[in-house]
Amino acid sequence: MVIIKLSNRQDEILQMVKRSGPITGNEIAKKLSVSRAALRSDLAILTSSGNLEARPRVGYFYNKDLQVMRHSERFIQQKVNDFKANPIVVEKSTSVYEAIVQLFLEDVGTLYAVDSEGHLSGVVSRKDLLRAALGNRDLQEVPVSVIMTRMPNITTINPEDTLLEAAKKMINFHIDSLPVVREVEGRKNTYSLLGRITKTTITRAYLEIIEG
Ligand code: ADP
């Protein structure tokens, strides 16, 4: 946007569009009790300087609103597949002790447990591990399969879904991450694990979009 000194009339138009945009040129003219022709040069200056944007049949927008709209539109369309991170996986027979070590080594908040075929079997979060540790059991002896949230209670997301859908699921189910999966053909509720989406993924994607 080019910074220019606005005339009183131009500033009045800008404030009006901020308040009531999108708004057509005719509506602006009516509110200011001037002819549409009299406004033409002011609107041209405001649009060419980047203060306002015009969209055919919709009218004039304040540029900042438009930017936020554009960011939101772009964010909504992003696909899980393009943002997913590597899943950190343990065998479901892994001990709770070893899972805690993995959590620190990999610097993640959630581990995914898989069965002997490598299919998703459970989710082990920080709280699951803390709860197990509070139980005073021998953590080297307890497998994560005992404490994990298991199938079919796992909320998943597909690679072709959008980040918006992922964000909604995490908020609605009060969870920090989603396994990105593909159902194995002909085997209901049996999933291959392709990645993970976390709340951090969503935040990073949003920042990337805003910062261009
Ligand atoms: P934290 O334990 O750090 O709060 P979460 O909020 O993700 O992490 O986990 C809260 C509970 O939800 C845990 O019991 C965990 O096993 C479970 N959980 C985490 N992710 C999922 C998921 N995708 N589907 C179902 N349950 C989940």
# chains A, B, ... in the order shown; residues from 1 in each chain; ligands from 1
>>> residues_near_ligand(ligand="ligand 1", cutoff="8 Å", atoms="only C-alpha atoms and all ligand atoms", output="PyMOL selection string")
chain A and resi 109-110+122-129+148-150+153-156+170+173-179
>>> write_last_selection(atoms="N, CA and C atoms", output="mmCIF file, in the first residue's frame")
data_model
loop_
_atom_site.group_PDB
_atom_site.id
_atom_site.type_symbol
_atom_site.label_atom_id
_atom_site.label_comp_id
_atom_site.auth_asym_id
_atom_site.auth_seq_id
_atom_site.Cartn_x
_atom_site.Cartn_y
_atom_site.Cartn_z
ATOM 1 N N GLY A 109 4.493 -34.545 21.758
ATOM 2 C CA GLY A 109 3.533 -34.675 22.847
ATOM 3 C C GLY A 109 2.720 -35.951 22.766
ATOM 4 N N THR A 110 2.750 -36.599 21.603
ATOM 5 C CA THR A 110 1.922 -37.782 21.390
ATOM 6 C C THR A 110 2.686 -38.842 20.596
ATOM 7 N N GLY A 122 -3.212 -47.451 18.639
ATOM 8 C CA GLY A 122 -3.543 -46.573 19.764
ATOM 9 C C GLY A 122 -2.820 -45.243 19.727
ATOM 10 N N VAL A 123 -3.297 -44.343 20.606
ATOM 11 C CA VAL A 123 -2.669 -43.026 20.777
ATOM 12 C C VAL A 123 -2.217 -42.926 22.232
ATOM 13 N N VAL A 124 -0.975 -42.500 22.433
ATOM 14 C CA VAL A 124 -0.455 -42.333 23.791
ATOM 15 C C VAL A 124 -0.038 -40.875 23.951
ATOM 16 N N SER A 125 -0.740 -40.163 24.822
ATOM 17 C CA SER A 125 -0.435 -38.742 24.999
ATOM 18 C C SER A 125 0.332 -38.534 26.307
ATOM 19 N N ARG A 126 0.781 -37.279 26.496
ATOM 20 C CA ARG A 126 1.494 -36.937 27.734
ATOM 21 C C ARG A 126 0.685 -37.300 28.968
ATOM 22 N N LYS A 127 -0.614 -36.965 28.932
ATOM 23 C CA LYS A 127 -1.435 -37.215 30.120
ATOM 24 C C LYS A 127 -1.613 -38.700 30.391
ATOM 25 N N ASP A 128 -1.725 -39.481 29.310
ATOM 26 C CA ASP A 128 -1.831 -40.939 29.487
ATOM 27 C C ASP A 128 -0.603 -41.448 30.235
ATOM 28 N N LEU A 129 0.574 -40.934 29.853
ATOM 29 C CA LEU A 129 1.823 -41.405 30.465
ATOM 30 C C LEU A 129 1.941 -40.901 31.909
ATOM 31 N N MET A 148 -3.158 -46.776 26.502
ATOM 32 C CA MET A 148 -3.423 -45.915 25.324
ATOM 33 C C MET A 148 -4.928 -45.788 25.046
ATOM 34 N N THR A 149 -5.282 -44.768 24.283
ATOM 35 C CA THR A 149 -6.630 -44.692 23.704
ATOM 36 C C THR A 149 -6.580 -45.547 22.449
ATOM 37 N N ARG A 150 -7.504 -46.496 22.353
ATOM 38 C CA ARG A 150 -7.339 -47.467 21.253
ATOM 39 C C ARG A 150 -8.441 -47.377 20.192
ATOM 40 N N ASN A 153 -11.689 -45.893 18.907
ATOM 41 C CA ASN A 153 -11.995 -44.587 19.528
ATOM 42 C C ASN A 153 -11.044 -43.485 19.091
ATOM 43 N N ILE A 154 -10.252 -43.735 18.074
ATOM 44 C CA ILE A 154 -9.275 -42.724 17.664
ATOM 45 C C ILE A 154 -9.867 -41.828 16.574
ATOM 46 N N THR A 155 -9.707 -40.546 16.762
ATOM 47 C CA THR A 155 -10.148 -39.585 15.748
ATOM 48 C C THR A 155 -9.008 -39.416 14.752
ATOM 49 N N THR A 156 -9.309 -39.619 13.487
ATOM 50 C CA THR A 156 -8.270 -39.591 12.447
ATOM 51 C C THR A 156 -8.599 -38.541 11.390
ATOM 52 N N MET A 170 -9.709 -31.244 16.170
ATOM 53 C CA MET A 170 -8.888 -31.135 17.386
ATOM 54 C C MET A 170 -9.607 -30.315 18.450
ATOM 55 N N PHE A 173 -12.889 -32.366 19.713
ATOM 56 C CA PHE A 173 -12.610 -33.558 20.522
ATOM 57 C C PHE A 173 -11.603 -33.285 21.642
ATOM 58 N N HIS A 174 -11.176 -32.034 21.791
ATOM 59 C CA HIS A 174 -10.225 -31.666 22.864
ATOM 60 C C HIS A 174 -8.950 -32.486 22.805
ATOM 61 N N ILE A 175 -8.358 -32.583 21.650
ATOM 62 C CA ILE A 175 -7.113 -33.342 21.515
ATOM 63 C C ILE A 175 -6.070 -32.486 20.805
ATOM 64 N N ASP A 176 -4.807 -32.847 21.023
ATOM 65 C CA ASP A 176 -3.703 -32.025 20.506
ATOM 66 C C ASP A 176 -3.233 -32.464 19.128
ATOM 67 N N SER A 177 -3.562 -33.696 18.740
ATOM 68 C CA SER A 177 -3.051 -34.156 17.445
ATOM 69 C C SER A 177 -3.968 -35.181 16.798
ATOM 70 N N LEU A 178 -3.787 -35.339 15.509
ATOM 71 C CA LEU A 178 -4.577 -36.301 14.738
ATOM 72 C C LEU A 178 -3.638 -37.159 13.902
ATOM 73 N N PRO A 179 -3.816 -38.475 13.938
ATOM 74 C CA PRO A 179 -3.051 -39.290 13.009
ATOM 75 C C PRO A 179 -3.615 -39.140 11.591
#
>>> residues_around(residues="Pro87 (chain A)", least_positions_apart="5", cutoff="12 Å", atoms="only C-alpha atoms", output="JSON, numbers by chain")
{"A": [103, 106, 107, 108, 109, 110, 111, 112, 113, 114, 120, 123, 177, 178, 179, 180, 181, 192, 193, 194, 195, 196, 197, 198]}
>>> write_last_selection(atoms="C-alpha atoms", output="short mmCIF file (atom, residue, chain, number, x, y, z; two decimals), in the first residue's frame")
data_model
loop_
_atom_site.label_atom_id
_atom_site.label_comp_id
_atom_site.auth_asym_id
_atom_site.auth_seq_id
_atom_site.Cartn_x
_atom_site.Cartn_y
_atom_site.Cartn_z
CA LEU A 103 8.55 -38.74 23.99
CA GLU A 106 11.61 -37.12 19.76
CA ASP A 107 10.38 -33.95 21.45
CA VAL A 108 6.69 -34.64 20.75
CA GLY A 109 3.53 -34.67 22.85
CA THR A 110 1.92 -37.78 21.39
CA LEU A 111 3.08 -41.21 20.25
CA TYR A 112 1.16 -43.54 17.99
CA ALA A 113 1.12 -47.24 18.85
CA VAL A 114 1.01 -49.76 16.03
CA LEU A 120 -2.62 -47.85 13.90
CA VAL A 123 -2.67 -43.03 20.78
CA SER A 177 -3.05 -34.16 17.44
CA LEU A 178 -4.58 -36.30 14.74
CA PRO A 179 -3.05 -39.29 13.01
CA VAL A 180 -3.15 -38.89 9.22
CA VAL A 181 -4.33 -42.25 7.92
CA SER A 192 -2.03 -47.27 7.65
CA LEU A 193 -0.34 -44.35 9.38
CA LEU A 194 0.88 -41.62 7.01
CA GLY A 195 1.67 -38.73 9.34
CA ARG A 196 0.39 -36.49 12.08
CA ILE A 197 -1.23 -33.08 12.34
CA THR A 198 -0.85 -31.15 15.58
#
>>> closest_residue(among="A:Arg137, A:Lys30, A:His119, A:Arg131", to="Lys188 (chain A)", atoms="only C-alpha atoms")
A:His119
>>> select_by_dssp(residues="region 56-160 of chain A", states="strand (DSSP E or B)", output="PyMOL selection string")
chain A and resi 59-62+79+85+89-91+95+110-114+119-125+143+149-150+157
>>> write_last_selection(atoms="C-alpha atoms", output="mmCIF file, in the first residue's frame")
data_model
loop_
_atom_site.group_PDB
_atom_site.id
_atom_site.type_symbol
_atom_site.label_atom_id
_atom_site.label_comp_id
_atom_site.auth_asym_id
_atom_site.auth_seq_id
_atom_site.Cartn_x
_atom_site.Cartn_y
_atom_site.Cartn_z
ATOM 1 C CA GLY A 59 -18.178 -3.076 -4.369
ATOM 2 C CA TYR A 60 -15.336 -1.512 -2.418
ATOM 3 C CA PHE A 61 -13.440 -3.247 0.391
ATOM 4 C CA TYR A 62 -11.016 -1.844 2.910
ATOM 5 C CA LYS A 79 -4.530 -29.871 2.437
ATOM 6 C CA ALA A 85 4.686 -34.207 9.965
ATOM 7 C CA VAL A 89 5.546 -44.590 16.316
ATOM 8 C CA VAL A 90 6.030 -47.284 18.969
ATOM 9 C CA GLU A 91 4.989 -50.941 19.027
ATOM 10 C CA SER A 95 6.805 -50.333 27.905
ATOM 11 C CA THR A 110 1.922 -37.782 21.390
ATOM 12 C CA LEU A 111 3.084 -41.208 20.246
ATOM 13 C CA TYR A 112 1.159 -43.544 17.986
ATOM 14 C CA ALA A 113 1.123 -47.237 18.850
ATOM 15 C CA VAL A 114 1.011 -49.763 16.033
ATOM 16 C CA HIS A 119 -1.429 -50.558 11.536
ATOM 17 C CA LEU A 120 -2.624 -47.848 13.899
ATOM 18 C CA SER A 121 -3.620 -49.383 17.189
ATOM 19 C CA GLY A 122 -3.543 -46.573 19.764
ATOM 20 C CA VAL A 123 -2.669 -43.026 20.777
ATOM 21 C CA VAL A 124 -0.455 -42.333 23.791
ATOM 22 C CA SER A 125 -0.435 -38.742 24.999
ATOM 23 C CA PRO A 143 2.966 -52.054 27.917
ATOM 24 C CA THR A 149 -6.630 -44.692 23.704
ATOM 25 C CA ARG A 150 -7.339 -47.467 21.253
ATOM 26 C CA ILE A 157 -7.876 -37.391 9.380
#
>>> atom_distance(atom1="CA of Gly50 (chain A)", atom2="CA of Asn63 (chain A)")
6.8 Å
>>> closest_residue(among="A:Asn189, A:Lys168, A:Val96, A:Ser41", to="Pro152 (chain A)", atoms="only C-alpha atoms")
A:Asn189
